[in-house]
Amino acid sequence: MTMRVDLRSDTVTRPTTVMRRAMAEAEVGDDVFGDDPTVRLLEEETAAFLGKEAALFVPSGTMGNQVSVAAHTERGDEAICESTSHIFLYEGGGPALLSGVQLHPLAGDRGLISLEQLRGAIRAADVHFPVSRLLCLENTHNRAGGRVLPVADVEALTAEAAIHGLRTHLDGARIWNAAVASGIPEARWVSSFDSVQVCFSKGLGAPVGSCVAGPRDWVDRARHYRKRFGGGMRQAGIIAAGALHALRHHRERLAEDHARARRMAAALAGLPGFAVDPAETETNIVVARLAPGVADPQRWVEALSVRSVAVVRFGPAALRMVTHLDIDDDALDFAVRAVREVAAELGRAQD
Ligand SMILES: Cc1ncc(COP(=O)(O)O)c(C=O)c1O
């Protein structure tokens with residue numbers, strides 16, 4: 001069989017044979033009536049694992065973030081976030097559309113905003129201003145190349161938000177990666193937030209699904225919004241079983257993804273055309289920054305695709321490569337060879 005290596009995202013994984021079996025055999029019921037036992041088990045196990053009172057299964061990370069914004073806010077409120085966060089860049093203006101909430105993006109340093117920025121962004125009580133209601137952070141930070149935001153900074157930000165009466169939400173799509181990379185458990189990473197969204201369909205390798213977690217009365221509100229947004233699912237135990245299997249069995253192996261991503265970053269750092277600092281690869285995302293003056297990233301994407309390696313363009317001068325469950329050492333070696341060939345072809349500055 002010819003090899004094809006897909007490094008576009010950690011969402012591209014296919015369920016393993018054992019995961020498929022768990023899904024096929026899952027006990028199910030109608031979850032909108034609250035009687036799907038597998039969904040309930042996933043929600044209970046996730047809440048307990050994260051140290052939160054309750055959790056709610058949702059179809060996607062985006063819906064998880066959106067029901068969270070809705071359940072924390074009223075129309076006309078403002079939510080402070082970082083300007084390269086997923087919730088600001090990649091959720092279709094959801095907070096404005098679905099919740100009537102204005103996002104207030106702050107330009108961070110590799111995904112992290114400062115206390116001074118946060119203080120400066122919180123509105124005084126004044127009829128002219130929106131109400132600053134919510135702070136959203138993201139960890140690990142996708143656009144910052146899977147960076148683990150330092151726990152002390154995160155906790156200082158959530159504490160400051162609380163002093164000013166703001167609620168706090170964590171987009172923890174890849175909180176598992178932060179925990180495995182730092183050795184700090186997920187429950188600690190999320191403890192200072194009122195709510196968190198976690199994805200099972202990224203590094204953990206489940207085909208579908210996320211949970212939001214927080215206080216029980218807040219989760220009840222989120223459940224109402226999930227239904228309003230069209231995310232009430234019926235025999236959802238089939239997909240919840242995949243998520244449960246992923247949570248129980250695929251967490252610790254993330255260390256392998258991180259090691260392979262570091263190996264890719266180290267290989268890139270020595271190649272013509274790349275301006276990569278391997279120290280910036282902390283988890284499973286490699287941002288392969290291109291040196292000034294070399295070919296457009298789209299040409300690199302195409303040249304790699306011809307060599308059966310799929311990557312995505314990441315902004316005006318970079319590519320993104322993500323390691324995951326379906327990338328073993330052979331696949332990584334194959335990708336490194338392809339990148340070397342393409343660097344030899346496109347890595348010199350264009351005239
Ligand atoms: C940080 C982050 N949050 C949220 C999401 C949204 O997840 P989904 O694609 O399941 O809607 C993603 C997706 O890549 C993400 O990277």
# chains A, B, ... in the order shown; residues from 1 in each chain; ligands from 1
call {"tool": "residues_around", "arguments": {"residues": "Thr140 (chain A)", "least_positions_apart": "6", "cutoff": "8 Å", "atoms": "only C-alpha atoms", "output": "JSON list (two decimals) with N, CA and C atoms, in the first residue's frame"}}
result
[["chain", "number", "residue", "atom", "x", "y", "z"],
["A", 146, "GLY", "N", 0.24, 25.16, 19.56],
["A", 146, "GLY", "CA", 0.05, 24.17, 20.62],
["A", 146, "GLY", "C", 0.77, 24.55, 21.90],
["A", 147, "ARG", "N", 0.97, 25.85, 22.10],
["A", 147, "ARG", "CA", 1.68, 26.29, 23.31],
["A", 147, "ARG", "C", 0.88, 25.98, 24.58],
["A", 148, "VAL", "N", 1.59, 25.55, 25.61],
["A", 148, "VAL", "CA", 0.97, 25.37, 26.93],
["A", 148, "VAL", "C", 1.11, 26.72, 27.64],
["A", 149, "LEU", "N", 0.00, 27.39, 27.86],
["A", 149, "LEU", "CA", 0.09, 28.68, 28.56],
["A", 149, "LEU", "C", 0.51, 28.41, 30.00],
["A", 172, "GLY", "N", -10.63, 24.30, 26.22],
["A", 172, "GLY", "CA", -9.62, 23.26, 26.49],
["A", 172, "GLY", "C", -9.72, 22.15, 25.47],
["A", 173, "ALA", "N", -9.90, 22.52, 24.20],
["A", 173, "ALA", "CA", -9.98, 21.51, 23.13],
["A", 173, "ALA", "C", -8.82, 20.52, 23.25],
["A", 174, "ARG", "N", -7.64, 21.06, 23.61],
["A", 174, "ARG", "CA", -6.45, 20.20, 23.75],
["A", 174, "ARG", "C", -5.87, 20.29, 25.16],
["A", 175, "ILE", "N", -6.73, 20.32, 26.16],
["A", 175, "ILE", "CA", -6.23, 20.41, 27.54],
["A", 175, "ILE", "C", -5.45, 19.14, 27.89],
["A", 177, "ASN", "N", -3.38, 17.61, 26.02],
["A", 177, "ASN", "CA", -1.99, 17.82, 25.60],
["A", 177, "ASN", "C", -1.25, 18.69, 26.61],
["A", 178, "ALA", "N", -1.93, 19.71, 27.13],
["A", 178, "ALA", "CA", -1.31, 20.58, 28.13],
["A", 178, "ALA", "C", -0.94, 19.77, 29.37]]
call {"tool": "closest_atom_pairs", "arguments": {"of": "chain A", "to": "ligand 1", "cutoff": "6 Å", "atoms": "only C-alpha atoms and all ligand atoms", "output": "Markdown table"}}
result
| residue | atom | partner | partner_atom_place_in_ligand_line | distance |
| --- | --- | --- | --- | --- |
| A:Ser60 | CA | ligand 1 | 10 (O) | 3.7 |
| A:Gly61 | CA | ligand 1 | 7 (O) | 3.4 |
| A:Thr62 | CA | ligand 1 | 11 (O) | 3.6 |
| A:His86 | CA | ligand 1 | 3 (N) | 5.1 |
| A:Asn142 | CA | ligand 1 | 1 (C) | 5.3 |
| A:Asp171 | CA | ligand 1 | 3 (N) | 5.7 |
| A:Ala173 | CA | ligand 1 | 3 (N) | 4.9 |
call {"tool": "closest_residue", "arguments": {"among": "A:Phe49, A:Trp300, A:Phe274, A:Phe200", "to": "Pro185 (chain A)", "atoms": "only C-alpha atoms"}}
result
A:Phe49
call {"tool": "residues_around", "arguments": {"residues": "Asp194 (chain A)", "least_positions_apart": "6", "cutoff": "12 Å", "atoms": "only C-alpha atoms", "output": "MDAnalysis selection string"}}
result
chainID A and resid 50:54 68:69 71:72 134:137 158:159 161:162 165:171 212:219
call {"tool": "select_by_dssp", "arguments": {"residues": "region 117-347 of chain A", "states": "alpha helix (DSSP H)", "output": "ChimeraX atom specification"}}
result
/A:117-121,151-163,175-182,186-191,216-228,237-249,254-269,297-306,329-346
call {"tool": "atom_distance", "arguments": {"atom1": "CA of Ala240 (chain A)", "atom2": "CA of Asn65 (chain A)"}}
result
18.3 Å
call {"tool": "residues_around", "arguments": {"residues": "Ala318 (chain A)", "least_positions_apart": "3", "cutoff": "8 Å", "atoms": "only C-alpha atoms", "output": "compact mmCIF listing (two decimals) with C-alpha atoms, in the first residue's frame"}}
result
# COMPACT_ATOMS: atom_id res chain seq x y z
CA VAL A 287 4.22 25.74 13.09
CA ALA A 288 6.70 25.54 10.23
CA ARG A 289 7.47 29.22 9.73
CA LEU A 290 8.97 29.99 6.32
CA PRO A 297 3.22 28.69 1.57
CA ARG A 313 -1.13 26.74 5.23
CA PHE A 314 -1.06 28.65 8.51
CA GLY A 315 -1.30 32.38 7.89
call {"tool": "closest_residue", "arguments": {"among": "A:Asp126, A:Asp328, A:Glu45, A:Glu155", "to": "Leu247 (chain A)", "atoms": "only C-alpha atoms"}}
result
A:Glu45
call {"tool": "atom_distance", "arguments": {"atom1": "CA of Thr13 (chain A)", "atom2": "CA of Val208 (chain A)"}}
result
10.5 Å
call {"tool": "closest_residue", "arguments": {"among": "A:Gly203, A:Gly94, A:Gly293, A:Gly347", "to": "Leu268 (chain A)", "atoms": "only C-alpha atoms"}}
result
A:Gly347
call {"tool": "residues_around", "arguments": {"residues": "Arg348 (chain A)", "least_positions_apart": "3", "cutoff": "8 Å", "atoms": "only C-alpha atoms", "output": "list in words"}}
result
Pro272, Gly273, Val294, Ala343, Ala344 and Glu345 of chain A
call {"tool": "write_last_selection", "arguments": {"atoms": "N, CA and C atoms", "output": "tab-separated table (two decimals), in the first residue's frame"}}
result
chain	number	residue	atom	x	y	z
A	272	PRO	N	16.87	24.45	4.58
A	272	PRO	CA	16.76	25.74	3.91
A	272	PRO	C	15.28	26.12	3.73
A	273	GLY	N	14.98	27.39	3.96
A	273	GLY	CA	13.62	27.87	3.72
A	273	GLY	C	12.77	27.96	4.97
A	294	VAL	N	11.15	33.28	0.61
A	294	VAL	CA	10.98	31.99	-0.09
A	294	VAL	C	9.57	31.91	-0.68
A	343	ALA	N	12.17	21.28	0.59
A	343	ALA	CA	13.04	22.38	1.02
A	343	ALA	C	14.19	22.57	0.03
A	344	ALA	N	14.68	21.45	-0.51
A	344	ALA	CA	15.78	21.56	-1.49
A	344	ALA	C	15.29	22.28	-2.75
A	345	GLU	N	13.99	22.08	-3.05
A	345	GLU	CA	13.42	22.66	-4.27
A	345	GLU	C	12.99	24.13	-4.06
call {"tool": "residues_around", "arguments": {"residues": "Val286 (chain A)", "least_positions_apart": "6", "cutoff": "7 Å", "atoms": "only C-alpha atoms", "output": "MDAnalysis selection string"}}
result
chainID A and resid 145 261 265 320:322
call {"tool": "closest_residue", "arguments": {"among": "A:Leu41, A:Val339, A:Leu98, A:Leu332", "to": "Ser305 (chain A)", "atoms": "only C-alpha atoms"}}
result
A:Val339
call {"tool": "select_by_dssp", "arguments": {"residues": "region 23-186 of chain A", "states": "strand (DSSP E)", "output": "mmCIF file with C-alpha atoms, in the first residue's frame"}}
result
data_model
loop_
_atom_site.group_PDB
_atom_site.id
_atom_site.type_symbol
_atom_site.label_atom_id
_atom_site.label_comp_id
_atom_site.auth_asym_id
_atom_site.auth_seq_id
_atom_site.Cartn_x
_atom_site.Cartn_y
_atom_site.Cartn_z
ATOM 1 C CA ALA A 54 -21.397 18.207 35.912
ATOM 2 C CA ALA A 55 -20.706 17.889 32.201
ATOM 3 C CA LEU A 56 -22.711 17.957 28.966
ATOM 4 C CA PHE A 57 -21.926 16.047 25.766
ATOM 5 C CA VAL A 58 -22.032 18.234 22.645
ATOM 6 C CA ASP A 77 -22.533 41.612 27.108
ATOM 7 C CA GLU A 78 -18.898 41.503 26.150
ATOM 8 C CA ALA A 79 -16.492 38.568 26.318
ATOM 9 C CA ILE A 80 -12.745 39.258 26.472
ATOM 10 C CA CYS A 81 -10.525 36.857 24.540
ATOM 11 C CA GLU A 82 -7.122 36.663 22.859
ATOM 12 C CA GLN A 102 -19.513 41.177 21.445
ATOM 13 C CA LEU A 103 -16.029 39.707 21.597
ATOM 14 C CA HIS A 104 -13.253 41.985 22.804
ATOM 15 C CA PRO A 105 -10.031 40.518 21.366
ATOM 16 C CA LEU A 106 -6.663 41.448 22.914
ATOM 17 C CA VAL A 131 -21.014 44.768 30.328
ATOM 18 C CA SER A 132 -17.711 42.883 30.623
ATOM 19 C CA ARG A 133 -19.109 39.489 31.566
ATOM 20 C CA LEU A 134 -16.723 36.769 30.497
ATOM 21 C CA LEU A 135 -13.039 35.973 29.980
ATOM 22 C CA CYS A 136 -12.250 33.164 27.505
ATOM 23 C CA LEU A 137 -8.777 31.607 27.356
ATOM 24 C CA GLU A 138 -7.485 28.720 25.202
ATOM 25 C CA ARG A 167 -17.033 34.624 34.588
ATOM 26 C CA THR A 168 -14.241 32.530 33.062
ATOM 27 C CA HIS A 169 -14.361 29.899 30.325
ATOM 28 C CA LEU A 170 -11.504 27.736 29.067
ATOM 29 C CA ASP A 171 -11.417 26.442 25.508
ATOM 30 C CA GLY A 172 -9.620 23.263 26.488
#
call {"tool": "closest_atom_pairs", "arguments": {"of": "region 103-218 of chain A", "to": "region 248-260 of chain A", "cutoff": "9 Å", "atoms": "only C-alpha atoms", "output": "CSV"}}
result
residue,atom,partner,partner_atom,distance
A:Trp176,CA,A:Arg251,CA,6.6
A:Asn177,CA,A:Leu254,CA,6.5
A:Val180,CA,A:Ala255,CA,6.4
A:Ala181,CA,A:Ala255,CA,6.9
A:Gly203,CA,A:Leu254,CA,6.9
A:Leu204,CA,A:His250,CA,5.3
A:Gly205,CA,A:His250,CA,7.3
call {"tool": "closest_residue", "arguments": {"among": "A:Arg4, A:Pro59, A:Arg75, A:His245", "to": "Arg21 (chain A)", "atoms": "only C-alpha atoms"}}
result
A:His245
